[in-house]
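*Asks:* This is the structure, below, for whatever I ask next.
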Amino acid sequence: MFQIDKPLPAVTEEGAGYWEGCRQGELRVQRCAACHRLRWPPSILCPHCLAEGGEWVRLSGRGRIYSFIVVHRPQHPAFFDDAPYNVAIIELEEGIRLHSTIRDCPNDELSIGMPVEVVFDRVNDEVTLPRFRPRR
Ligand SMILES: [Zn+2]
């Protein structure tokens, strides 16, 4: 049977620390060495002060649904069997917003502001995807 694989994120040099964290079950972002602000998405230069460098820090993994949609007609054939599925923007406690999906919850029970926590789904040796589930 013909099968189309789902596209996966490209693990770039700037984002390597993020993906390493996901593989270890931690949500991580860069913190600027100069101004100490969190940096998302990963980048070589701080968007606030333009300094290079920084460290990877672990986030709480807790947040709330900032927004979401339910996809009924996927544009990519690899997702046809998943529909309907949700795509959500999660606002983490640290103020960073991530795109992900909510699992372990029916789509019609999702709501803006719902407390969620990160969970990790291993895809292959390189990519582990952060997803979220309701926090009760
Ligand atoms: Zn900075």
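Every chain in the structure tokens takes a letter, A first, then B, and so on in the order presented; its residues are numbered from 1, and the ligands are numbered from 1 following the presented order.
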Ligand 1: which residues are within 7 Å, counting only C-alpha atoms and all ligand atoms, as a VMD selection string?
*Replies:* chain A and resid 32 to 37 46 to 51
*Asks:* For the selection just defined, write its residues with N, CA and C atoms to a file, as a CSV table (one decimal), in the first residue's frame.
*Replies:*
chain,number,residue,atom,x,y,z
A,32,CYS,N,18.9,34.4,27.1
A,32,CYS,CA,20.0,35.3,26.7
A,32,CYS,C,21.0,35.4,27.8
A,33,ALA,N,22.3,35.3,27.5
A,33,ALA,CA,23.3,35.5,28.4
A,33,ALA,C,23.5,37.0,28.9
A,34,ALA,N,23.0,37.9,28.0
A,34,ALA,CA,23.2,39.3,28.3
A,34,ALA,C,22.0,39.9,29.0
A,35,CYS,N,20.8,39.8,28.5
A,35,CYS,CA,19.6,40.4,29.1
A,35,CYS,C,18.8,39.4,29.8
A,36,HIS,N,19.1,38.1,29.8
A,36,HIS,CA,18.4,37.1,30.6
A,36,HIS,C,17.0,36.8,30.2
A,37,ARG,N,16.5,37.4,29.1
A,37,ARG,CA,15.2,37.1,28.6
A,37,ARG,C,15.1,35.8,27.9
A,46,CYS,N,19.9,37.3,20.1
A,46,CYS,CA,18.7,37.7,21.0
A,46,CYS,C,17.9,38.7,20.2
A,47,PRO,N,16.6,38.5,20.1
A,47,PRO,CA,15.8,39.5,19.4
A,47,PRO,C,15.6,40.8,20.2
A,48,HIS,N,15.9,40.8,21.5
A,48,HIS,CA,15.7,41.9,22.4
A,48,HIS,C,17.0,42.8,22.4
A,49,CYS,N,18.2,42.2,22.5
A,49,CYS,CA,19.4,43.0,22.7
A,49,CYS,C,20.5,42.7,21.7
A,50,LEU,N,20.2,41.7,20.8
A,50,LEU,CA,21.1,41.3,19.7
A,50,LEU,C,22.4,40.6,20.2
A,51,ALA,N,22.4,40.2,21.4
A,51,ALA,CA,23.6,39.5,21.9
A,51,ALA,C,23.6,38.1,21.4
*Asks:* List the neighbours of Glu117 (chain A) out to 8 Å using only C-alpha atoms; skip same-chain residues closer than 5 positions along the sequence, and give me the result as a ChimeraX atom specification.
*Replies:* /A:61-63,132-135
*Asks:* Just the number, please: distance in Å from CA of Pro115 (chain A) to CA of Pro84 (chain A), one decimal.
*Replies:*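 Between CA of Pro115 (chain A) and CA of Pro84 (chain A) the gap works out to 21.7 Å.
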*Asks:* Just the alpha helix (DSSP H) stuff from chain A, please, per backbone DSSP, written as a list in words.
*Replies:* Ala16, Gly17, Tyr18, Trp19, Glu20, Gly21, Cys22 and Arg23 of chain A
*Asks:* Store the residues of this selection in a file with N, CA and C atoms, as a compact mmCIF listing (two decimals), in the first residue's frame.
*Replies:*
# COMPACT_ATOMS: atom_id res chain seq x y z
N ALA A 16 18.84 22.77 18.11
CA ALA A 16 19.30 21.45 18.57
C ALA A 16 19.04 21.25 20.07
N GLY A 17 19.24 22.29 20.87
CA GLY A 17 19.02 22.18 22.32
C GLY A 17 17.56 21.95 22.66
N TYR A 18 16.68 22.54 21.86
CA TYR A 18 15.24 22.34 22.06
C TYR A 18 14.88 20.89 21.82
N TRP A 19 15.35 20.33 20.68
CA TRP A 19 15.01 18.95 20.34
C TRP A 19 15.67 17.95 21.29
N GLU A 20 16.87 18.27 21.74
CA GLU A 20 17.53 17.42 22.73
C GLU A 20 16.69 17.38 24.01
N GLY A 21 16.17 18.53 24.42
CA GLY A 21 15.30 18.58 25.60
C GLY A 21 14.06 17.72 25.41
N CYS A 22 13.44 17.82 24.24
CA CYS A 22 12.24 17.01 23.97
C CYS A 22 12.56 15.53 24.07
N ARG A 23 13.70 15.13 23.53
CA ARG A 23 14.07 13.71 23.61
C ARG A 23 14.23 13.25 25.05
*Asks:* Between CA of Gln24 (chain A) and CA of Val70 (chain A), what is the distance, to one decimal in Å?
*Replies:* 29.2 Å
*Asks:* Would you compute the distance between CA of Glu93 (chain A) and CA of Val29 (chain A)? Give it in Å to one decimal.
*Replies:*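 CA of Val29 (chain A) lies at a distance of 12.9 Å from CA of Glu93 (chain A).
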*Asks:* Just the residues within 8 Å of His99 (chain A), please, counting only C-alpha atoms, with nothing from its chain fewer than 3 positions along; format it as a list of chain:residue names.
*Replies:* A:Val87, A:Ala88, A:Ile89, A:Ile90
*Asks:* Please return, as a PyMOL selection string, all residues of region 33-92 of chain A that DSSP assigns to strand (DSSP E) on the basis of the backbone.
*Replies:* chain A and resi 38-39+54-58+62-71+85-92
*Asks:* With distances taken over only C-alpha atoms, which of A:Asp108, A:Glu52, A:Asp5, A:Glu91 is nearest to Ser67 (chain A)?
*Replies:*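 Checking each candidate against Ser67 (chain A), we get A:Glu91 as the closest.
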*Asks:* In terms of the shortest atom-to-atom distance over only C-alpha atoms, which of A:Thr101, A:Gln30, A:Ser111, A:Ser43 is closest to Thr12 (chain A)?
*Replies:* A:Ser43
*Asks:* Select, from A:Leu92, A:Ile102, A:Trp40, A:Asn107, the residue with the minimum atom-to-atom distance to His72 (chain A), counting only C-alpha atoms.
*Replies:*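 Looking only at the distances to His72 (chain A), the closest residue turns out to be A:Asn107.
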*Asks:* Ranking A:Pro74, A:Tyr66, A:Trp56, A:Thr128 by minimum distance to Arg39 (chain A) and counting only C-alpha atoms, which one comes first?
*Replies:*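 Among A:Pro74, A:Tyr66, A:Trp56, A:Thr128, it is A:Trp56 that comes nearest to Arg39 (chain A).
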*Asks:* Env of Leu59 (chain A): 8 Å cut, atoms = only C-alpha atoms, seq-sep filter 4 positions within chain, self excluded. Answer as a PDB file with C-alpha atoms, in the first residue's frame.
*Replies:*
ATOM      1  CA  GLU A  26      11.925  18.477  28.972  1.00  0.00           C
ATOM      2  CA  LEU A  27      10.597  21.590  27.304  1.00  0.00           C
ATOM      3  CA  ARG A  28      13.564  23.962  26.924  1.00  0.00           C
ATOM      4  CA  VAL A  29      14.152  27.422  25.504  1.00  0.00           C
ATOM      5  CA  GLU A  94       6.692  31.601  31.129  1.00  0.00           C
TER       6      GLU A  94
END
*Asks:* From the set A:Ile4, A:Glu55, A:Gly25, A:Phe79, which residue has the shortest atom-to-atom contact distance to Val119 (chain A), counting only C-alpha atoms?
*Replies:*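 Between A:Ile4, A:Glu55, A:Gly25, A:Phe79, the residue approaching Val119 (chain A) most closely is A:Gly25.
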